[in-house]
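Q: As input, take target.csv (CSV, C-alpha atoms and all ligand atoms):
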```csv
chain,number,residue,atom,x,y,z
A,1,MET,CA,0.0,0.0,0.0
A,2,ILE,CA,1.2,3.5,-0.8
A,3,VAL,CA,0.5,5.7,2.3
A,4,ALA,CA,-0.8,9.1,1.4
A,5,GLU,CA,1.8,11.9,1.8
A,6,ASN,CA,0.0,13.6,4.7
A,7,ASP,CA,-0.4,10.3,6.6
A,8,ALA,CA,3.2,9.4,6.0
A,9,LYS,CA,4.4,12.8,7.2
A,10,ARG,CA,2.2,12.4,10.3
A,11,PHE,CA,4.0,9.1,11.1
A,12,LEU,CA,7.4,10.5,10.5
A,13,ALA,CA,6.8,13.5,12.7
A,14,ARG,CA,6.6,11.1,15.6
A,15,TYR,CA,10.3,10.4,15.1
A,16,GLY,CA,11.2,14.0,15.8
A,17,LEU,CA,11.5,14.7,12.1
A,18,ARG,CA,10.4,18.1,10.8
A,19,VAL,CA,7.5,18.3,8.3
A,20,PRO,CA,5.7,21.4,7.0
A,21,ARG,CA,2.5,22.3,8.8
A,22,GLY,CA,-0.5,21.6,6.6
A,23,GLU,CA,-3.7,19.6,6.0
A,24,ILE,CA,-5.7,18.0,3.2
A,25,ALA,CA,-8.7,19.6,1.6
A,26,HIS,CA,-11.5,18.1,-0.5
A,27,SER,CA,-12.9,21.4,-1.7
A,28,VAL,CA,-11.8,24.9,-2.7
A,29,GLU,CA,-13.4,26.3,0.5
A,30,GLU,CA,-11.6,23.9,2.7
A,31,ALA,CA,-8.3,24.6,0.9
A,32,MET,CA,-8.8,28.3,1.4
A,33,ASP,CA,-9.6,27.8,5.1
A,34,ILE,CA,-6.5,25.8,5.7
A,35,ALA,CA,-4.3,28.4,3.8
A,36,GLN,CA,-5.8,31.2,5.9
A,37,GLY,CA,-5.1,29.2,9.1
A,38,LEU,CA,-1.5,28.7,8.0
A,39,GLY,CA,-1.3,32.5,7.6
A,40,CYS,CA,1.6,32.5,5.2
A,41,ALA,CA,2.7,31.6,1.7
A,42,CYS,CA,1.7,28.1,1.0
A,43,VAL,CA,2.0,25.2,-1.4
A,44,VAL,CA,-1.0,23.3,-2.9
A,45,LYS,CA,-0.2,19.8,-3.9
A,46,ALA,CA,-2.2,17.1,-5.7
A,47,LEU,CA,-2.6,14.2,-3.2
A,48,ILE,CA,-1.9,11.3,-5.6
A,49,PRO,CA,0.1,8.2,-4.9
A,50,THR,CA,3.0,9.0,-7.3
A,51,GLY,CA,6.0,11.3,-7.7
A,52,GLY,CA,6.6,13.6,-10.6
A,53,ARG,CA,3.9,16.0,-9.6
A,54,GLY,CA,6.3,19.0,-9.6
A,55,LYS,CA,7.0,18.5,-13.3
A,56,ALA,CA,3.4,17.7,-14.2
A,57,GLY,CA,2.1,20.9,-12.6
A,58,GLY,CA,0.7,19.2,-9.5
A,59,VAL,CA,2.6,21.4,-7.0
A,60,LYS,CA,1.6,25.0,-6.9
A,61,THR,CA,3.1,27.8,-4.9
A,62,CYS,CA,0.7,30.4,-3.7
A,63,THR,CA,1.1,33.8,-1.9
A,64,THR,CA,-2.6,34.9,-1.9
A,65,LEU,CA,-5.9,33.2,-1.1
A,66,GLU,CA,-7.0,33.9,-4.7
A,67,GLN,CA,-4.0,31.8,-5.9
A,68,VAL,CA,-5.0,29.0,-3.5
A,69,ARG,CA,-8.5,29.0,-5.0
A,70,GLU,CA,-7.1,28.9,-8.6
A,71,ALA,CA,-4.6,26.2,-7.7
A,72,THR,CA,-7.2,24.0,-6.0
A,73,GLU,CA,-9.7,24.5,-8.8
A,74,THR,CA,-7.1,23.4,-11.4
A,75,LEU,CA,-6.2,20.3,-9.5
A,76,LEU,CA,-9.3,18.9,-7.7
A,77,GLY,CA,-11.3,16.5,-9.7
A,78,HIS,CA,-8.8,16.4,-12.6
A,79,GLU,CA,-6.7,13.6,-13.8
A,80,MET,CA,-3.0,13.8,-13.2
A,81,LEU,CA,-0.3,11.2,-14.0
A,82,GLY,CA,-3.0,8.5,-14.3
A,83,HIS,CA,-4.8,9.3,-11.1
A,84,ARG,CA,-7.8,11.4,-10.3
A,85,VAL,CA,-7.1,14.1,-7.8
A,86,HIS,CA,-9.7,13.7,-4.9
A,87,ALA,CA,-7.8,15.9,-2.4
A,88,VAL,CA,-5.1,18.4,-2.2
A,89,LEU,CA,-2.5,18.9,0.5
A,90,VAL,CA,-2.2,22.6,1.6
A,91,GLU,CA,1.1,23.2,3.4
A,92,GLU,CA,3.1,26.1,4.6
A,93,ARG,CA,5.7,27.0,2.0
A,94,VAL,CA,9.2,26.3,3.1
A,95,SER,CA,12.1,28.4,1.8
A,96,ILE,CA,14.7,25.9,0.6
A,97,SER,CA,18.4,26.6,0.3
A,98,HIS,CA,19.4,23.1,-0.8
A,99,GLU,CA,17.6,19.9,-1.8
A,100,ILE,CA,18.8,16.5,-0.7
A,101,TYR,CA,17.4,13.1,-1.8
A,102,ALA,CA,17.1,10.5,1.0
A,103,GLY,CA,15.7,7.0,0.6
A,104,VAL,CA,15.3,3.8,2.5
A,105,VAL,CA,14.7,0.8,0.3
A,106,ALA,CA,14.1,-2.8,1.1
A,107,ASN,CA,16.4,-4.4,-1.5
A,108,THR,CA,14.8,-7.7,-2.4
A,109,ALA,CA,17.7,-8.8,-4.6
A,110,THR,CA,20.3,-8.6,-1.8
A,111,ASP,CA,18.0,-8.9,1.3
A,112,MET,CA,19.5,-5.7,2.6
A,113,ILE,CA,18.1,-2.4,3.6
A,114,ASP,CA,19.7,0.3,1.4
A,115,LEU,CA,20.1,3.9,2.5
A,116,VAL,CA,20.3,6.1,-0.5
A,117,VAL,CA,21.4,9.7,-0.4
A,118,SER,CA,22.1,12.3,-3.1
A,119,PHE,CA,23.2,15.9,-2.3
A,120,GLU,CA,21.7,16.7,-5.7
A,121,GLY,CA,18.0,16.0,-4.7
A,122,GLY,CA,14.9,17.6,-6.2
A,123,VAL,CA,12.8,16.9,-9.2
A,124,GLU,CA,15.8,16.1,-11.4
A,125,VAL,CA,17.2,13.3,-9.2
A,126,GLU,CA,16.6,10.6,-11.9
A,127,SER,CA,18.6,12.5,-14.5
A,128,VAL,CA,21.4,13.1,-11.9
A,129,ALA,CA,21.5,9.3,-11.3
A,130,GLN,CA,21.7,8.7,-15.1
A,131,ARG,CA,24.4,11.3,-15.6
A,132,ASP,CA,26.6,10.6,-12.7
A,133,ARG,CA,26.1,7.4,-10.7
A,134,SER,CA,28.6,8.6,-8.1
A,135,ALA,CA,26.3,11.4,-7.1
A,136,ILE,CA,24.0,8.7,-5.6
A,137,LEU,CA,25.4,7.3,-2.4
A,138,GLN,CA,24.3,4.0,-1.1
A,139,LEU,CA,24.9,2.2,2.2
A,140,SER,CA,23.6,-1.3,2.7
A,141,VAL,CA,22.6,-2.4,6.1
A,142,GLU,CA,21.4,-5.8,7.5
A,143,PRO,CA,17.7,-5.7,8.3
A,144,GLY,CA,17.3,-5.3,12.0
A,145,TYR,CA,20.7,-3.8,12.6
A,146,ILE,CA,20.6,-1.0,15.1
A,147,LEU,CA,22.2,1.7,13.0
A,148,PRO,CA,24.3,4.1,15.1
A,149,VAL,CA,24.3,7.8,14.1
A,150,HIS,CA,28.1,7.9,14.1
A,151,HIS,CA,28.3,5.1,11.6
A,152,VAL,CA,26.1,7.0,9.1
A,153,GLN,CA,27.9,10.2,9.9
A,154,ARG,CA,31.3,8.7,9.1
A,155,TRP,CA,29.9,7.2,5.8
A,156,LEU,CA,28.5,10.7,4.8
A,157,GLN,CA,31.8,12.4,5.7
A,158,GLN,CA,33.8,10.1,3.5
A,159,ASN,CA,31.4,10.7,0.6
A,160,ASN,CA,30.3,14.2,1.0
A,161,PRO,CA,31.4,16.4,-1.9
A,162,GLN,CA,29.7,19.5,-0.4
A,163,SER,CA,31.7,19.8,2.8
A,164,MET,CA,28.3,20.2,4.5
A,165,ASP,CA,28.0,19.5,8.2
A,166,VAL,CA,26.5,16.0,8.0
A,167,GLY,CA,25.7,15.5,11.7
A,168,ILE,CA,22.1,16.5,11.5
A,169,LEU,CA,21.7,14.7,8.2
A,170,ALA,CA,23.0,11.5,9.8
A,171,GLU,CA,20.5,11.8,12.6
A,172,VAL,CA,17.6,12.3,10.1
A,173,LEU,CA,18.7,9.3,8.1
A,174,VAL,CA,18.8,7.1,11.2
A,175,GLN,CA,15.3,8.2,12.1
A,176,LEU,CA,14.1,7.5,8.6
A,177,TYR,CA,15.7,4.1,8.8
A,178,ARG,CA,14.0,3.4,12.1
A,179,ALA,CA,10.6,4.6,10.8
A,180,ALA,CA,10.9,2.4,7.7
A,181,ALA,CA,11.7,-0.6,9.8
A,182,ASP,CA,8.9,0.1,12.3
A,183,LEU,CA,6.3,0.6,9.5
A,184,ASP,CA,7.4,-2.4,7.4
A,185,ALA,CA,8.2,-0.1,4.5
A,186,ILE,CA,9.3,-1.4,1.2
A,187,LEU,CA,10.2,2.2,0.2
A,188,LEU,CA,10.5,5.4,2.1
A,189,GLU,CA,11.7,8.3,0.0
A,190,VAL,CA,12.1,11.9,1.0
A,191,ASN,CA,12.7,14.2,-1.9
A,192,PRO,CA,13.4,16.9,-1.3
A,193,LEU,CA,14.8,16.7,2.2
A,194,ALA,CA,15.2,20.4,2.3
A,195,VAL,CA,18.0,22.3,4.0
A,196,ILE,CA,16.3,25.4,5.3
A,197,SER,CA,19.2,26.9,7.2
A,198,GLU,CA,22.4,25.6,8.8
A,199,GLY,CA,21.4,22.4,10.7
A,200,VAL,CA,17.7,22.5,9.9
A,201,LEU,CA,16.2,19.8,7.6
A,202,VAL,CA,12.6,19.6,6.7
A,203,LEU,CA,10.8,16.7,4.9
A,204,VAL,CA,9.1,18.7,2.2
A,205,ASP,CA,7.9,15.6,0.3
A,206,CYS,CA,7.8,11.9,1.1
A,207,LYS,CA,6.6,8.7,-0.4
A,208,LEU,CA,6.0,5.7,1.8
A,209,GLU,CA,5.1,2.3,0.5
A,210,VAL,CA,4.5,-0.4,3.0
A,211,ASP,CA,4.4,-4.2,2.6
A,212,ASP,CA,0.7,-5.3,2.3
A,213,ASN,CA,1.6,-8.6,3.9
A,214,ALA,CA,2.7,-6.8,7.1
A,215,ILE,CA,-0.5,-4.8,7.6
A,216,SER,CA,-2.0,-7.3,10.0
A,217,ARG,CA,0.8,-6.4,12.5
A,218,GLN,CA,0.5,-2.7,11.9
A,219,PRO,CA,-2.5,-1.4,13.9
A,220,GLN,CA,-1.7,2.2,12.8
A,221,LEU,CA,-1.9,1.2,9.1
A,222,ALA,CA,-4.8,-1.2,9.3
A,223,GLU,CA,-7.4,1.6,9.4
A,224,LEU,CA,-5.8,3.4,6.4
A,225,TYR,CA,-5.6,0.1,4.5
A,226,ARG,CA,-9.3,-0.6,5.1
A,227,ALA,CA,-10.2,2.9,4.1
A,228,SER,CA,-8.3,2.4,0.8
A,229,LEU,CA,-10.3,-0.6,-0.2
A,230,SER,CA,-13.6,-0.6,-2.1
A,231,GLU,CA,-16.7,-2.2,-0.6
A,232,ARG,CA,-16.2,-5.3,-2.8
A,233,GLU,CA,-12.5,-5.6,-1.9
A,234,LEU,CA,-13.5,-5.5,1.8
A,235,ARG,CA,-16.0,-8.3,1.2
A,236,ALA,CA,-13.4,-10.3,-0.6
A,237,ARG,CA,-11.0,-10.0,2.3
A,238,GLU,CA,-13.8,-11.2,4.7
A,239,LEU,CA,-14.3,-14.2,2.4
A,240,GLY,CA,-10.6,-14.9,2.5
A,241,VAL,CA,-10.1,-14.7,-1.3
A,242,SER,CA,-7.8,-12.5,-3.4
A,243,TYR,CA,-9.7,-10.2,-5.6
A,244,VAL,CA,-8.7,-7.6,-8.1
A,245,PRO,CA,-11.3,-5.5,-10.0
A,246,LEU,CA,-10.5,-5.0,-13.7
A,247,ASP,CA,-12.3,-3.0,-16.4
A,248,GLY,CA,-13.8,-5.7,-18.7
A,249,ASP,CA,-17.1,-7.6,-18.6
A,250,ILE,CA,-16.3,-11.2,-17.8
A,251,GLY,CA,-16.3,-12.5,-14.2
A,252,VAL,CA,-13.5,-14.8,-13.3
A,253,ILE,CA,-13.0,-17.3,-10.4
A,254,THR,CA,-10.1,-19.6,-10.2
A,255,SER,CA,-8.5,-21.8,-7.5
A,256,GLY,CA,-4.9,-20.7,-7.7
A,257,ALA,CA,-3.1,-17.6,-9.0
A,258,GLY,CA,-1.2,-19.5,-11.8
A,259,LEU,CA,-4.5,-21.0,-13.1
A,260,GLY,CA,-5.9,-17.5,-12.8
A,261,MET,CA,-3.2,-15.8,-14.9
A,262,ALA,CA,-3.5,-18.5,-17.6
A,263,THR,CA,-7.3,-18.0,-17.6
A,264,LEU,CA,-6.9,-14.2,-18.1
A,265,ASP,CA,-4.5,-14.8,-20.9
A,266,LEU,CA,-6.8,-17.2,-22.7
A,267,LEU,CA,-9.8,-14.9,-22.2
A,268,LYS,CA,-7.8,-12.1,-23.9
A,269,ARG,CA,-6.7,-14.4,-26.7
A,270,ASN,CA,-10.3,-15.2,-27.4
A,271,GLY,CA,-11.3,-11.5,-27.5
A,272,LEU,CA,-12.9,-11.5,-24.0
A,273,SER,CA,-12.0,-9.0,-21.3
A,274,PRO,CA,-12.1,-9.8,-17.6
A,275,ALA,CA,-14.1,-7.7,-15.2
A,276,ASN,CA,-12.3,-9.0,-12.2
A,277,PHE,CA,-10.0,-11.7,-11.0
A,278,LEU,CA,-10.8,-13.8,-8.0
A,279,ASP,CA,-8.6,-16.5,-6.6
A,280,THR,CA,-10.0,-18.8,-4.0
A,281,GLY,CA,-6.7,-20.4,-3.1
A,282,GLY,CA,-7.1,-23.5,-0.9
A,283,GLY,CA,-9.7,-23.9,1.7
A,284,ILE,CA,-12.8,-23.7,-0.6
A,285,SER,CA,-16.1,-23.8,1.3
A,286,GLU,CA,-19.7,-23.5,0.3
A,287,ALA,CA,-19.9,-20.0,1.8
A,288,MET,CA,-16.7,-18.8,0.2
A,289,VAL,CA,-17.8,-19.9,-3.3
A,290,LYS,CA,-21.3,-18.5,-2.8
A,291,GLY,CA,-19.9,-15.1,-1.7
A,292,ALA,CA,-17.3,-15.1,-4.4
A,293,LEU,CA,-19.7,-15.9,-7.3
A,294,GLU,CA,-22.1,-13.3,-6.1
A,295,LEU,CA,-19.3,-10.8,-5.9
A,296,ILE,CA,-17.9,-11.3,-9.4
A,297,MET,CA,-21.4,-11.3,-11.0
A,298,GLU,CA,-22.4,-8.1,-9.2
A,299,PRO,CA,-21.0,-5.3,-11.5
A,300,PRO,CA,-23.8,-4.7,-14.0
A,301,GLN,CA,-21.5,-4.8,-17.0
A,302,VAL,CA,-20.6,-8.5,-16.3
A,303,LYS,CA,-22.2,-10.5,-19.1
A,304,GLY,CA,-20.9,-13.9,-18.3
A,305,ALA,CA,-18.4,-15.7,-16.1
A,306,ILE,CA,-15.9,-18.5,-15.9
A,307,VAL,CA,-15.4,-20.6,-12.8
A,308,ASN,CA,-12.2,-22.5,-13.2
A,309,LEU,CA,-11.6,-24.9,-10.3
A,310,TYR,CA,-9.1,-27.6,-9.6
A,311,GLY,CA,-10.0,-30.0,-6.8
A,312,GLY,CA,-6.8,-31.1,-5.2
A,313,ILE,CA,-7.1,-30.3,-1.5
A,314,ASN,CA,-10.3,-28.4,-2.4
A,315,ARG,CA,-13.4,-30.5,-2.3
A,316,MET,CA,-15.6,-29.8,-5.3
A,317,VAL,CA,-18.9,-30.7,-3.7
A,318,GLU,CA,-18.4,-27.7,-1.5
A,319,ALA,CA,-17.8,-25.6,-4.6
A,320,ALA,CA,-20.9,-26.9,-6.4
A,321,LYS,CA,-23.0,-26.2,-3.3
A,322,GLY,CA,-21.7,-22.7,-3.2
A,323,ILE,CA,-22.5,-22.1,-6.9
A,324,LEU,CA,-26.1,-23.4,-6.4
A,325,ALA,CA,-26.6,-21.2,-3.4
A,326,ALA,CA,-25.3,-18.1,-5.3
A,327,LEU,CA,-27.5,-18.7,-8.3
A,328,GLU,CA,-30.5,-17.9,-6.2
A,329,ASN,CA,-29.2,-14.4,-5.7
A,330,ILE,CA,-27.7,-13.6,-9.1
A,331,PRO,CA,-30.1,-11.7,-11.4
A,332,GLY,CA,-30.2,-12.0,-15.2
A,333,ASN,CA,-29.7,-15.0,-17.4
A,334,ARG,CA,-26.0,-14.7,-17.8
A,335,PRO,CA,-24.0,-17.8,-18.7
A,336,ILE,CA,-21.5,-19.2,-16.2
A,337,VAL,CA,-19.0,-21.7,-17.6
A,338,VAL,CA,-17.9,-24.0,-14.9
A,339,LYS,CA,-14.8,-26.1,-15.3
A,340,ILE,CA,-14.4,-28.4,-12.3
A,341,ILE,CA,-11.8,-31.1,-12.4
A,342,GLY,CA,-10.3,-33.3,-9.7
A,343,ASN,CA,-11.4,-34.2,-6.2
A,344,GLN,CA,-15.2,-35.1,-6.3
A,345,GLN,CA,-15.6,-33.9,-9.9
A,346,GLU,CA,-18.4,-36.4,-10.8
A,347,GLU,CA,-20.5,-35.4,-7.8
A,348,ALA,CA,-20.1,-31.7,-8.6
A,349,TRP,CA,-21.1,-32.2,-12.2
A,350,GLN,CA,-24.1,-34.1,-11.2
A,351,MET,CA,-25.2,-31.4,-8.7
A,352,LEU,CA,-24.9,-28.6,-11.3
A,353,LYS,CA,-26.2,-30.3,-14.5
A,354,ASP,CA,-29.8,-29.1,-14.4
A,355,GLN,CA,-29.0,-25.4,-14.0
A,356,PRO,CA,-30.0,-23.5,-17.2
A,357,ASN,CA,-27.3,-20.8,-16.9
A,358,ILE,CA,-24.5,-23.2,-15.9
A,359,HIS,CA,-22.4,-24.8,-18.7
A,360,ILE,CA,-20.1,-27.6,-17.4
A,361,ILE,CA,-16.8,-28.3,-19.0
A,362,GLN,CA,-15.5,-31.8,-18.2
A,363,VAL,CA,-12.0,-31.6,-19.7
A,364,VAL,CA,-8.8,-30.4,-18.1
A,365,GLN,CA,-8.0,-27.7,-20.8
A,366,THR,CA,-9.1,-24.2,-19.9
A,367,GLU,CA,-9.1,-23.5,-23.6
A,368,ALA,CA,-12.3,-25.5,-23.9
A,369,ALA,CA,-14.0,-23.5,-21.2
A,370,VAL,CA,-13.0,-20.1,-22.7
A,371,ALA,CA,-14.1,-21.2,-26.2
A,372,LYS,CA,-17.5,-22.2,-24.8
A,373,LEU,CA,-17.8,-18.8,-23.0
A,374,ALA,CA,-16.8,-16.9,-26.1
A,375,GLU,CA,-19.5,-18.7,-28.0
A,376,LEU,CA,-22.2,-18.0,-25.4
A,377,VAL,CA,-21.5,-14.3,-24.9
A,378,GLY,CA,-20.1,-13.5,-28.4
A,401,LIG,P1,6.9,15.5,-6.6
A,401,LIG,O1,7.4,16.2,-7.9
A,401,LIG,O2,5.7,14.7,-6.8
A,401,LIG,O3,8.0,14.7,-6.0
A,401,LIG,O4,6.5,16.7,-5.6
A,401,LIG,P2,7.3,17.5,-4.5
A,401,LIG,O5,6.4,17.6,-3.3
A,401,LIG,O6,8.6,16.9,-4.3
A,401,LIG,O7,7.4,18.9,-5.1
A,401,LIG,C1,8.2,19.1,-6.3
A,401,LIG,C2,9.1,20.3,-6.1
A,401,LIG,O8,8.4,21.4,-5.7
A,401,LIG,C3,10.1,20.0,-5.0
A,401,LIG,O9,11.3,19.3,-5.4
A,401,LIG,C4,10.5,21.4,-4.6
A,401,LIG,O10,11.5,21.9,-5.4
A,401,LIG,C5,9.2,22.2,-4.9
A,401,LIG,N1,8.5,22.5,-3.6
A,401,LIG,C6,7.6,21.7,-3.1
A,401,LIG,N2,7.2,22.2,-1.9
A,401,LIG,C7,7.9,23.3,-1.7
A,401,LIG,C8,8.0,24.3,-0.7
A,401,LIG,O11,7.4,24.3,0.4
A,401,LIG,N3,8.9,25.3,-0.8
A,401,LIG,C9,9.7,25.4,-2.0
A,401,LIG,N4,10.6,26.4,-2.1
A,401,LIG,N5,9.7,24.5,-2.9
A,401,LIG,C10,8.8,23.5,-2.8
A,402,MN,MN,9.2,14.9,-4.4
```
Could you show the structure in this file as structure tokens?
A:
Amino acid sequence: MIVAENDAKRFLARYGLRVPRGEIAHSVEEAMDIAQGLGCACVVKALIPTGGRGKAGGVKTCTTLEQVREATETLLGHEMLGHRVHAVLVEERVSISHEIYAGVVANTATDMIDLVVSFEGGVEVESVAQRDRSAILQLSVEPGYILPVHHVQRWLQQNNPQSMDVGILAEVLVQLYRAAADLDAILLEVNPLAVISEGVLVLVDCKLEVDDNAISRQPQLAELYRASLSERELRARELGVSYVPLDGDIGVITSGAGLGMATLDLLKRNGLSPANFLDTGGGISEAMVKGALELIMEPPQVKGAIVNLYGGINRMVEAAKGILAALENIPGNRPIVVKIIGNQQEEAWQMLKDQPNIHIIQVVQTEAAVAKLAELVG
């Protein structure tokens, strides 16, 4: 999950790190109220989960309330870098004398935590990295290592081309490293980490991405995570299935992610477009399959579905019961192609055979199921 910039800054402030004062707004009036409260020059930023806003016009500096109104109007409700802007972050404007890039990255290739620093931070940091690799400093640390400030300070002193006093920077980096570990971050990136005056560093922008698999042990993130999910995604979590909404019109249930990927590929190859992707995994029960089938058939654009199940540890009688129970609640005469193979396949076929909207496929090949569905909805 990508944590919104304002939430990420709130977490980091608890580590004694300095962040600009500010709040998020969902309307022009709110934005103007916040700006007035800040009582100074401010910055209006599109609150979207991606960087590159500066270059795309998503960060606007304002000195009057009229400018705050204009900036908010241009951003709110509009599309930027592939995201719709639902909120803006209104913050006090910081006067920056120098921009540093600071990152903490979980390096999955080396199983190390990388501290990344560049004294040439700011919106051009990617081109700095391309032009001059040596302008990007990297320190790899064992996960869990209690990183002492003097260790980071010595590393910075050895690599610092600017003859800047790196004591405070080392302290900030250690706090970022601690925060990243505490929050199970995959990536924590502060750019710019702004030098305001001698010895004063402010986190002007930050991007925090946390490991979804760790959310269950992060009470402070659980609420944000729930709030970031749609109603259907929440129901899917309660059912214990993986669910991804997509933009096509064919519902998809599979028992296994690999089978699911292959099914999506075959649908595409046959000119069909998935409306979603739901993977039951193991542990199929009647209630799970019932809930899953109701869920994937719910979007009104869904004109048919494929249920592609392999009964290994999963018992297919449970699946068939779930399908029958769901049919009572699924409106419309939309075809559902069911390919059930493996554990209890004959019993399952027998249970489903008299259902008018169910089309049973009794061969292993998913190709046959997809071809049947294409014929039915085509
Ligand atoms: P990004 O482009 O999505 O990473 O958005 P940022 O929040 O990093 O903003 C882009 C750039 O705008 C920064 O690199 C700064 O140069 C500038 N900027 C953002 N906020 C402030 C501010 O408070 N004061 C000043 N002087 N510049 C800012
Ligand atoms: Mn930035």
Q: To one decimal place in Å, what is the distance between atom CA of A:Gln153 and atom CA of A:Val172?
A: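 The value is 10.5 Å.
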Q: Could you list, as JSON, numbers by chain, all residues that come within 6 Å of ligand MN 402 (chain A)? Count all atoms listed in the file.
A: {"A": [51, 191, 192, 205]}
Q: Can you tell me which residues sit at most 9 Å away from ligand LIG 401 (chain A), counting only C-alpha atoms and all ligand atoms, written as a ChimeraX atom specification?
A: /A:5,20,41-46,48-61,91-97,99,121-124,190-194,204-207
Q: Calculated over all atoms listed in the file, which of the candidates A:Gly103, A:Gly271, A:Pro299, A:Gly312 has the smallest distance to A:Leu176?
A: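 So, comparing all the options, the nearest one is A:Gly103.
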Q: Using all atoms listed in the file, determine which residues lie at most 7 Å from A:Ile358, disregarding the query and same-chain residues fewer than 6 positions distant; provide the list as a ChimeraX atom specification.
A: /A:335-338
Q: Taking only C-alpha atoms into account, name the residue in A:Val307, A:Ala179, A:Cys40, A:Met261 that is nearest to A:Leu17.
A: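 Closest residue, counting only C-alpha atoms: A:Ala179.
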Q: So how far away is atom CA of A:Val128 from atom CA of A:Ala180, in Å?
A: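 Atom CA of A:Ala180 sits 24.7 Å away from atom CA of A:Val128.
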Q: Can you measure atom CA of A:Thr263 to atom CA of A:Leu278 for me? One decimal in Å is fine.
A: 11.0 Å
Q: Using only C-alpha atoms, find all polymer residues with an atom at most 6 Å away from the point (-19.0, -28.8, -14.8); report them as a ChimeraX atom specification.
A: /A:338-340,349,360-362
Q: Show me as a ChimeraX atom specification the residues that reach within 12 Å of (25.5, -2.7, -0.9), counting only C-alpha atoms and using the file's own coordinates.
A: /A:105-116,137-142
